[in-house]
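**Q** This is the content of my_file00.txt (compact mmCIF, C-alpha atoms):
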```
# COMPACT_ATOMS: atom_id res chain seq x y z
CA MET A 1 8.47 41.15 29.04
CA PHE A 2 9.59 37.92 27.35
CA ASP A 3 12.99 37.68 25.78
CA ARG A 4 13.62 35.67 22.60
CA ALA A 5 14.60 32.48 24.46
CA ARG A 6 11.33 32.45 26.42
CA TRP A 7 9.29 33.05 23.24
CA PHE A 8 11.13 30.20 21.57
CA LEU A 9 10.44 27.85 24.51
CA LEU A 10 6.77 28.84 24.58
CA PHE A 11 6.44 28.31 20.81
CA ALA A 12 8.30 24.98 20.94
CA SER A 13 6.14 23.70 23.81
CA LEU A 14 2.96 24.58 21.91
CA LEU A 15 4.31 23.04 18.72
CA PHE A 16 5.13 19.69 20.33
CA SER A 17 2.29 19.47 22.85
CA SER A 18 -0.31 17.92 20.55
CA ALA A 19 -1.49 14.36 21.17
CA ALA A 20 0.64 11.63 19.66
CA VAL A 21 -0.98 9.81 16.77
CA ALA A 22 -0.13 6.55 15.08
CA HIS A 23 1.94 6.49 11.94
CA PHE A 24 2.63 3.74 9.49
CA LYS A 25 6.03 2.15 9.77
CA LEU A 26 7.56 0.99 6.51
CA ASN A 27 9.52 -2.12 7.42
CA LEU A 28 9.52 -3.47 3.84
CA ASN A 29 10.43 -1.01 1.14
CA ILE A 30 9.65 -3.29 -1.78
CA ARG A 31 8.21 -1.97 -5.03
CA VAL A 32 8.29 -4.26 -8.04
CA ILE A 33 6.37 -3.83 -11.28
CA HIS A 34 6.54 -6.34 -14.12
CA VAL A 35 4.71 -5.66 -17.38
CA ASP A 36 3.97 -8.61 -19.64
CA HIS A 37 3.18 -7.51 -23.21
CA GLN A 38 0.63 -9.85 -24.76
CA SER A 39 -1.46 -9.69 -27.93
CA ASP A 40 -4.57 -8.79 -25.87
CA GLY A 41 -2.94 -5.98 -23.87
CA LEU A 42 -0.71 -5.60 -20.84
CA TYR A 43 -0.60 -7.85 -17.81
CA VAL A 44 0.88 -5.96 -14.88
CA TYR A 45 2.23 -7.73 -11.81
CA MET A 46 2.86 -5.38 -8.88
CA ARG A 47 4.25 -5.88 -5.40
CA LEU A 48 3.95 -2.91 -3.07
CA PRO A 49 4.27 -2.37 0.68
CA MET A 50 0.81 -2.07 2.21
CA PRO A 51 1.54 1.30 3.89
CA TYR A 52 1.85 2.83 0.41
CA LEU A 53 -1.79 1.98 -0.19
CA VAL A 54 -3.42 2.97 3.11
CA ALA A 55 -1.22 5.45 5.01
CA ASP A 56 -3.05 8.48 3.63
CA LYS A 57 -6.47 6.97 4.37
CA VAL A 58 -6.40 7.10 8.18
CA GLY A 59 -9.52 8.82 9.44
CA ASP A 60 -10.46 11.28 12.14
CA LEU A 61 -9.19 11.35 15.71
CA GLN A 62 -11.27 9.17 18.05
CA SER A 63 -11.94 9.66 21.77
CA ASP A 64 -9.28 7.08 22.75
CA GLY A 65 -6.53 9.07 20.99
CA SER A 66 -6.31 6.79 17.94
CA ARG A 67 -7.43 7.59 14.42
CA THR A 68 -10.22 5.79 12.62
CA PRO A 69 -8.39 2.88 10.99
CA ALA A 70 -7.47 3.02 7.34
CA PRO A 71 -9.13 0.44 5.08
CA TYR A 72 -7.96 -3.13 5.74
CA THR A 73 -6.34 -2.13 9.04
CA VAL A 74 -7.11 -2.20 12.75
CA ASN A 75 -5.44 -0.17 15.48
CA GLY A 76 -3.68 -1.58 18.52
CA LEU A 77 -1.78 -0.03 21.40
CA VAL A 78 1.80 -1.28 21.79
CA ASP A 79 3.94 0.14 24.60
CA GLY A 80 1.80 3.27 24.66
CA GLU A 81 2.02 3.83 20.90
CA TRP A 82 -0.82 3.28 18.43
CA MET A 83 0.11 0.77 15.75
CA HIS A 84 -1.70 -0.46 12.65
CA TYR A 85 -2.28 -4.14 11.92
CA LEU A 86 -3.58 -5.93 8.85
CA ASP A 87 -7.31 -6.56 9.21
CA TYR A 88 -7.23 -9.96 7.57
CA SER A 89 -10.98 -10.51 7.91
CA ALA A 90 -11.64 -7.30 5.93
CA TRP A 91 -9.20 -8.44 3.24
CA GLU A 92 -10.71 -11.91 3.15
CA ALA A 93 -14.20 -10.40 2.79
CA ASP A 94 -13.17 -8.07 -0.04
CA PRO A 95 -9.70 -8.69 -1.52
CA ALA A 96 -10.69 -6.83 -4.67
CA GLY A 97 -11.11 -3.62 -2.66
CA LEU A 98 -7.44 -3.67 -1.69
CA GLY A 99 -6.53 -4.32 -5.32
CA GLU A 100 -8.69 -1.36 -6.33
CA LEU A 101 -6.56 0.85 -4.07
CA VAL A 102 -3.56 -0.19 -6.16
CA ILE A 103 -5.45 0.48 -9.40
CA SER A 104 -6.71 3.88 -8.24
CA GLY A 105 -3.13 4.90 -7.46
CA HIS A 106 -1.71 4.04 -10.89
CA GLN A 107 -2.40 5.07 -14.44
CA PHE A 108 -1.20 3.50 -17.68
CA VAL A 109 -1.46 5.58 -20.86
CA ALA A 110 -0.81 4.40 -24.42
CA LYS A 111 -1.02 6.67 -27.49
CA GLY A 112 -2.48 9.45 -25.32
CA ARG A 113 -5.31 7.23 -24.09
CA LYS A 114 -5.76 6.05 -20.51
CA LEU A 115 -5.89 2.27 -20.42
CA ILE A 116 -8.82 0.74 -18.54
CA PRO A 117 -7.69 -1.72 -15.84
CA GLN A 118 -9.27 -5.04 -14.97
CA LEU A 119 -8.22 -6.44 -11.60
CA LYS A 120 -7.44 -10.15 -11.92
CA ASN A 121 -6.04 -11.07 -8.49
CA THR A 122 -4.93 -9.59 -5.17
CA ARG A 123 -2.80 -11.22 -2.48
CA VAL A 124 -1.28 -10.18 0.81
CA TYR A 125 1.81 -11.64 2.46
CA ARG A 126 3.85 -11.17 5.57
CA GLY A 127 7.21 -9.94 4.43
CA ILE A 128 8.87 -13.09 5.73
CA SER A 129 6.58 -15.42 3.75
CA GLN A 130 6.34 -13.66 0.40
CA PRO A 131 7.16 -15.78 -2.65
CA PRO A 132 9.94 -14.65 -5.01
CA PHE A 133 8.91 -11.78 -7.29
CA SER A 134 12.17 -10.49 -8.79
CA THR A 135 11.52 -11.67 -12.35
CA LEU A 136 8.41 -11.83 -14.49
CA LYS A 137 8.57 -15.63 -14.32
CA GLU A 138 8.60 -15.48 -10.49
CA ALA A 139 5.72 -13.00 -10.43
CA ILE A 140 3.60 -15.24 -12.65
CA ALA A 141 4.45 -18.24 -10.45
CA ALA A 142 3.51 -16.27 -7.32
CA PHE A 143 -0.06 -15.99 -8.61
CA GLU A 144 -0.18 -19.64 -9.67
CA SER A 145 0.79 -20.98 -6.23
CA ASP A 146 -1.35 -21.18 -3.12
CA ALA A 147 -1.07 -18.06 -0.96
CA GLU A 148 -0.29 -18.45 2.73
CA PRO A 149 -2.74 -16.25 4.62
CA PRO A 150 -1.02 -14.04 7.21
CA VAL A 151 -3.76 -14.58 9.80
CA SER A 152 -2.34 -15.11 13.27
CA PRO A 153 -1.05 -13.07 14.86
CA ALA A 154 -2.10 -10.13 12.73
CA PRO A 155 1.05 -8.56 11.25
CA PHE A 156 1.91 -4.89 11.44
CA VAL A 157 0.84 -3.18 8.22
CA GLY A 158 4.49 -2.22 7.71
CA ASP A 159 5.36 -5.93 7.51
CA VAL A 160 2.82 -6.67 4.74
CA VAL A 161 3.25 -6.63 0.97
CA VAL A 162 0.38 -6.57 -1.49
CA ASP A 163 0.62 -8.35 -4.84
CA VAL A 164 -1.82 -7.51 -7.62
CA LEU A 165 -2.33 -8.76 -11.14
CA ILE A 166 -3.98 -6.24 -13.44
CA HIS A 167 -4.94 -6.69 -17.09
CA TYR A 168 -5.10 -3.64 -19.35
CA PRO A 169 -6.99 -5.07 -22.34
CA SER A 170 -6.36 -3.90 -25.87
CA SER A 171 -7.43 -5.11 -29.32
CA ARG A 172 -3.75 -5.27 -30.28
CA ALA A 173 -0.39 -5.53 -28.59
CA ILE A 174 0.75 -2.37 -26.80
CA LYS A 175 4.33 -1.51 -27.71
CA SER A 176 4.83 1.60 -25.60
CA TYR A 177 3.06 3.18 -22.66
CA ALA A 178 3.57 5.59 -19.78
CA ILE A 179 2.92 4.74 -16.14
CA SER A 180 2.30 7.20 -13.33
CA SER A 181 1.51 6.84 -9.66
CA SER A 182 -0.56 9.11 -7.44
CA LEU A 183 -0.01 7.12 -4.24
CA ASP A 184 0.72 9.42 -1.32
CA PRO A 185 2.13 7.34 1.51
```
Would you mind writing the file out in structure tokens?
**A**
Amino acid sequence: MFDRARWFLLFASLLFSSAAVAHFKLNLNIRVIHVDHQSDGLYVYMRLPMPYLVADKVGDLQSDGSRTPAPYTVNGLVDGEWMHYLDYSAWEADPAGLGELVISGHQFVAKGRKLIPQLKNTRVYRGISQPPFSTLKEAIAAFESDAEPPVSPAPFVGDVVVDVLIHYPSSRAIKSYAISSSLDP
């Protein structure tokens, strides 16, 4: 008959014996949202770490022990551990899709009505090459300058920030609103 210590060891070994899977590392914990109130609605400038957008979108386990990559990512094995890298070619082919992930994870409501977003621009940066974004003026300038593509070598997803510019049109200026996020990193 097993005593409590043996049952505990058996349970613990079963609990921790599953295959290791990749996880998203968050090396840049940057979240900035600027809202510019204009006569034709809100212009929202956001900077978010890429793992916030894709970490919950990793797919099923594959035969090699990795998971199907999340959108805009590729998997790579580093020192026996699966890591996620920015798939720059996927972003280059469809930057709006990455921006839509930001839009789908946020909601703006004014006077009890959900505002309808229009994606204006999406950019990705390595954390070390991101332009300033601390003020509204800097955020606007970030979208007016040329973006440096983080192509080679492909950065870890945890080292990437995503900038988006979203317009929430309105026939008049919006004075107050509520924002919520459903992102599940």
**Q** Find the residue from A:Tyr72, A:Tyr52, A:Tyr88, A:Tyr45 that sits nearest to Ile30 of chain A; use all atoms listed in the file when measuring.
**A**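 Ranking A:Tyr72, A:Tyr52, A:Tyr88, A:Tyr45 by distance to Ile30 of chain A, first place goes to A:Tyr52.
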**Q** Between atom CA of Ser170 of chain A and atom CA of Lys111 of chain A, what is the distance, to one decimal in Å?
**A**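 The value is 12.0 Å.
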**Q** Looking at A:Leu61, A:Leu101, A:Leu42, A:Val74, which one is nearest to Ser181 of chain A, with distances taken over all atoms listed in the file?
**A** A:Leu101
**Q** Name all residues at most 10 Å from segment 112-121 of chain A (count all atoms listed in the file; drop same-chain ones fewer than 2 positions away) and give them as JSON, numbers by chain.
**A** {"A": [41, 42, 43, 44, 45, 95, 96, 97, 99, 100, 102, 103, 104, 106, 107, 108, 109, 110, 123, 143, 163, 164, 165, 166, 167, 168, 169, 170, 177, 178, 179]}
**Q** Just give me the gap between atom CA of Trp91 of chain A and atom CA of Leu136 of chain A in Å, one decimal is fine.
**A**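 Between these atoms lies a distance of 25.2 Å.
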**Q** In Å to one decimal, how far is atom CA of Val161 of chain A from atom CA of Ala147 of chain A?
**A** 12.4 Å
**Q** Tell me which of A:Asp159, A:Gly80, A:Ser134, A:Leu53 sits closest to Ser182 of chain A, counting only C-alpha atoms.
**A**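 Looking only at the distances to Ser182 of chain A, the closest residue turns out to be A:Leu53.
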**Q** Find, counting only C-alpha atoms, the residue in A:Ala154, A:Val160, A:Ala173, A:Ala141 that gets nearest to Asp87 of chain A.
**A**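 Distance minimum relative to Asp87 of chain A lands on A:Ala154.
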**Q** In file coordinates, which residues lie within 9 Å of (1.1, -8.6, 3.4) using all atoms listed in the file, given as a VMD selection string?
**A** chain A and resid 49 to 50 86 123 to 127 129 to 130 149 to 150 155 to 163
**Q** Which one of A:Leu28, A:Val35, A:Ile128, A:Ala70 sits closest to Leu48 of chain A if you count all atoms listed in the file?
**A**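 Smallest separation from Leu48 of chain A among the options: A:Leu28.
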